[in-house]
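Asker: Mind looking over this structure? Questions follow.
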Amino acid sequence: MISVVTVLSRLEVLPARALASTPESFADGRVWLLFSSALVADRPAVASIAGFLVVGLAAVALCGGRAVWLAAALGHVCSAAIVYTAIDLARSVDPSAFENVIRYPDYGTSAIIAAWIGAIACRLWTRGLRRSALGLPVLAGLVGWLFKGTLTVLDLEHAFALACGIVAMRPFSLRSLFQSRVAATQ
């Protein structure tokens, strides 16, 4: 689906701006754009789609389907809402604050990927692989920055998405921990 919508947007059959959220559109109440913005891969599209596929498959294998869907939804929507709300609050104090990004189209799969990385890191941590759990987000951040090359305040979404992925794993991690303790006492 993401590949098809991305191709259609690049061919200008379906304008990416019609699907992309912005801090301004969020402040104007067009909240549905937070959801539709996940349907278009950011540039470079091939790397974004490949990363989505690879990290998504790894997340399903390590974390399970329900955790992956929860992390994706929380990571994509909540991370943007947090950053947009912070920008809106700053602009209520200083209307010229973040003028360079309020209309910047914010779309792509990167927040979902960041949430999945958070979920995977949480799973690694609960399995005792502490160094891998800490190194994975750092390595992923460096790879993401290498492909993108520039950062704006909107990129803070990735840190919040990572945290959302960790939060999404907590019920699953607590359940498996409880089940292993119960099994140990029997």
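Labels for the structure tokens follow display order: chains A, B, ..., residues from 1 in each chain, ligands from 1.
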Can you tell me, as an MDAnalysis selection string, what residues are no more than 10 Å from Ser48 (chain A) when counting only C-alpha atoms, ignoring any on the same chain fewer than 3 positions away?

Answerer: chainID A and resid 3 40:45 51:53 108:110 113 144 147

Asker: Once you have the residues from the selection above, write them out as a compact mmCIF listing (two decimals), in the first residue's frame, restricted to C-alpha atoms.

Answerer:
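In the end it all went to part_23.txt:
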# COMPACT_ATOMS: atom_id res chain seq x y z
CA SER A 3 4.68 1.69 -2.20
CA VAL A 40 3.63 8.05 1.74
CA ALA A 41 7.30 7.12 2.11
CA ASP A 42 9.66 10.05 2.53
CA ARG A 43 12.72 10.53 0.35
CA PRO A 44 14.70 8.51 -0.43
CA ALA A 45 11.62 6.37 -1.01
CA GLY A 51 13.76 0.05 6.06
CA PHE A 52 10.05 -0.25 6.76
CA LEU A 53 10.03 -3.81 5.42
CA GLY A 108 6.55 8.94 5.90
CA THR A 109 7.15 5.72 7.67
CA SER A 110 10.11 6.81 9.77
CA ILE A 113 10.16 2.44 12.04
CA GLY A 144 18.48 7.51 9.34
CA PHE A 147 19.96 8.99 4.47

Asker: Can you pull out every residue within 12 Å of region 150-152 of chain A, counting only C-alpha atoms, but drop anything in the same chain fewer than 2 positions away, and send it as a ChimeraX atom specification?

Answerer: /A:43,83,87,98-102,104-106,141-142,144-148,154-158

Asker: Go ahead and save the picked residues with C-alpha atoms, as a PDB file, in the first residue's frame.

Answerer:
ATOM      1  CA  ARG A  43      12.716  10.529   0.345  1.00  0.00           C
ATOM      2  CA  VAL A  83       5.763  17.548  18.725  1.00  0.00           C
ATOM      3  CA  ILE A  87       5.218  23.744  18.547  1.00  0.00           C
ATOM      4  CA  PHE A  98       9.140  27.577  14.353  1.00  0.00           C
ATOM      5  CA  GLU A  99       7.934  29.569  11.358  1.00  0.00           C
ATOM      6  CA  ASN A 100      10.243  27.491   9.151  1.00  0.00           C
ATOM      7  CA  VAL A 101       8.461  24.183   9.908  1.00  0.00           C
ATOM      8  CA  ILE A 102       4.769  24.882  10.518  1.00  0.00           C
ATOM      9  CA  TYR A 104       6.573  21.618   6.283  1.00  0.00           C
ATOM     10  CA  PRO A 105       4.942  18.403   5.016  1.00  0.00           C
ATOM     11  CA  ASP A 106       5.534  15.686   7.560  1.00  0.00           C
ATOM     12  CA  GLY A 141      19.492   6.981  14.279  1.00  0.00           C
ATOM     13  CA  LEU A 142      22.853   7.288  12.559  1.00  0.00           C
ATOM     14  CA  GLY A 144      18.475   7.508   9.338  1.00  0.00           C
ATOM     15  CA  TRP A 145      20.483  10.701   9.573  1.00  0.00           C
ATOM     16  CA  LEU A 146      22.864   9.441   6.894  1.00  0.00           C
ATOM     17  CA  PHE A 147      19.960   8.989   4.467  1.00  0.00           C
ATOM     18  CA  LYS A 148      18.186  12.222   5.373  1.00  0.00           C
ATOM     19  CA  LEU A 154       9.989  17.798  13.534  1.00  0.00           C
ATOM     20  CA  ASP A 155      12.595  15.046  13.752  1.00  0.00           C
ATOM     21  CA  LEU A 156      12.057  14.985  17.517  1.00  0.00           C
ATOM     22  CA  GLU A 157       9.104  12.777  16.568  1.00  0.00           C
ATOM     23  CA  HIS A 158      11.543   9.910  16.149  1.00  0.00           C
TER      24      HIS A 158
END

Asker: Between A:Trp116, A:Phe35, A:Tyr84, A:Tyr107, which residue has the minimum interatomic distance to Val68 (chain A), considering only C-alpha atoms?

Answerer: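 Counting only C-alpha atoms, the residue closest to Val68 (chain A) is A:Trp116.
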
Asker: Work out how far CA of Cys78 (chain A) is from CA of Val153 (chain A), in Å to one decimal.

Answerer: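 So the two atoms, CA of Val153 (chain A) and CA of Cys78 (chain A), lie 15.6 Å apart.
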
Asker: List every residue of region 35-141 of chain A that DSSP, applied to the backbone of this structure, places in alpha helix (DSSP H), and write the result as an NGL selection string.

Answerer: :A and (35-36 or 45-63 or 65-73 or 79-93 or 110-126 or 130-141)

Asker: Filtering to C-alpha atoms, could you give me those residues as a JSON list (two decimals), in the first residue's frame?

Answerer:
[["chain", "number", "residue", "atom", "x", "y", "z"],
["A", 35, "PHE", "CA", -3.06, 8.91, 9.95],
["A", 36, "SER", "CA", -2.90, 9.45, 6.19],
["A", 45, "ALA", "CA", 11.62, 6.37, -1.01],
["A", 46, "VAL", "CA", 13.40, 3.10, -1.78],
["A", 47, "ALA", "CA", 15.45, 3.30, 1.43],
["A", 48, "SER", "CA", 12.34, 4.27, 3.43],
["A", 49, "ILE", "CA", 10.31, 1.37, 2.08],
["A", 50, "ALA", "CA", 13.20, -1.09, 2.47],
["A", 51, "GLY", "CA", 13.76, 0.05, 6.06],
["A", 52, "PHE", "CA", 10.05, -0.25, 6.76],
["A", 53, "LEU", "CA", 10.03, -3.81, 5.42],
["A", 54, "VAL", "CA", 13.21, -5.00, 7.15],
["A", 55, "VAL", "CA", 12.49, -3.44, 10.54],
["A", 56, "GLY", "CA", 8.82, -4.45, 10.33],
["A", 57, "LEU", "CA", 9.67, -8.09, 9.69],
["A", 58, "ALA", "CA", 12.21, -8.09, 12.51],
["A", 59, "ALA", "CA", 9.67, -6.49, 14.85],
["A", 60, "VAL", "CA", 6.99, -9.07, 14.01],
["A", 61, "ALA", "CA", 9.47, -11.90, 14.53],
["A", 62, "LEU", "CA", 10.73, -10.58, 17.87],
["A", 63, "CYS", "CA", 7.69, -8.79, 19.30],
["A", 65, "GLY", "CA", 1.88, -8.88, 15.55],
["A", 66, "ARG", "CA", -0.24, -7.14, 18.20],
["A", 67, "ALA", "CA", 2.74, -5.33, 19.69],
["A", 68, "VAL", "CA", 3.90, -4.27, 16.22],
["A", 69, "TRP", "CA", 0.50, -2.78, 15.33],
["A", 70, "LEU", "CA", 0.23, -1.02, 18.70],
["A", 71, "ALA", "CA", 3.77, 0.38, 18.42],
["A", 72, "ALA", "CA", 3.13, 1.57, 14.85],
["A", 73, "ALA", "CA", -0.09, 3.37, 15.76],
["A", 79, "SER", "CA", 4.85, 11.25, 18.38],
["A", 80, "ALA", "CA", 3.59, 13.76, 15.81],
["A", 81, "ALA", "CA", 0.84, 14.99, 18.12],
["A", 82, "ILE", "CA", 3.36, 15.57, 20.92],
["A", 83, "VAL", "CA", 5.76, 17.55, 18.73],
["A", 84, "TYR", "CA", 2.97, 19.51, 17.01],
["A", 85, "THR", "CA", 1.42, 20.39, 20.37],
["A", 86, "ALA", "CA", 4.79, 21.60, 21.67],
["A", 87, "ILE", "CA", 5.22, 23.74, 18.55],
["A", 88, "ASP", "CA", 1.70, 25.12, 18.94],
["A", 89, "LEU", "CA", 2.35, 25.96, 22.61],
["A", 90, "ALA", "CA", 5.60, 27.72, 21.69],
["A", 91, "ARG", "CA", 3.77, 29.68, 19.00],
["A", 92, "SER", "CA", 1.13, 30.77, 21.51],
["A", 93, "VAL", "CA", 3.94, 32.53, 23.38],
["A", 110, "SER", "CA", 10.11, 6.81, 9.77],
["A", 111, "ALA", "CA", 8.16, 7.31, 13.00],
["A", 112, "ILE", "CA", 6.69, 3.83, 12.63],
["A", 113, "ILE", "CA", 10.16, 2.44, 12.04],
["A", 114, "ALA", "CA", 11.42, 4.30, 15.13],
["A", 115, "ALA", "CA", 8.57, 2.86, 17.21],
["A", 116, "TRP", "CA", 9.38, -0.64, 16.00],
["A", 117, "ILE", "CA", 13.03, -0.10, 16.89],
["A", 118, "GLY", "CA", 11.89, 0.93, 20.36],
["A", 119, "ALA", "CA", 9.79, -2.23, 20.64],
["A", 120, "ILE", "CA", 12.68, -4.41, 19.45],
["A", 121, "ALA", "CA", 15.07, -2.68, 21.87],
["A", 122, "CYS", "CA", 12.61, -3.31, 24.70],
["A", 123, "ARG", "CA", 12.40, -6.99, 23.77],
["A", 124, "LEU", "CA", 16.20, -7.24, 23.63],
["A", 125, "TRP", "CA", 16.45, -5.54, 27.04],
["A", 126, "THR", "CA", 13.99, -7.97, 28.65],
["A", 130, "ARG", "CA", 21.38, -4.74, 27.24],
["A", 131, "ARG", "CA", 24.17, -3.57, 24.91],
["A", 132, "SER", "CA", 22.20, -4.54, 21.82],
["A", 133, "ALA", "CA", 19.11, -2.83, 23.22],
["A", 134, "LEU", "CA", 21.03, 0.42, 23.70],
["A", 135, "GLY", "CA", 23.10, 0.18, 20.52],
["A", 136, "LEU", "CA", 20.20, -0.53, 18.14],
["A", 137, "PRO", "CA", 18.51, 2.89, 18.46],
["A", 138, "VAL", "CA", 21.86, 4.68, 18.21],
["A", 139, "LEU", "CA", 22.83, 2.76, 15.08],
["A", 140, "ALA", "CA", 19.36, 3.25, 13.55],
["A", 141, "GLY", "CA", 19.49, 6.98, 14.28]]

Asker: CA of Leu39 (chain A) to CA of Val5 (chain A): how many Å, to one decimal?

Answerer: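 Atom-to-atom, CA of Leu39 (chain A) to CA of Val5 (chain A), that is 6.3 Å.
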
Asker: Take CA of Phe26 (chain A) and CA of Met169 (chain A) and report the distance between them in Å, one decimal.

Answerer: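 Taking CA of Phe26 (chain A) as the start and CA of Met169 (chain A) as the end point, the length is 27.3 Å.
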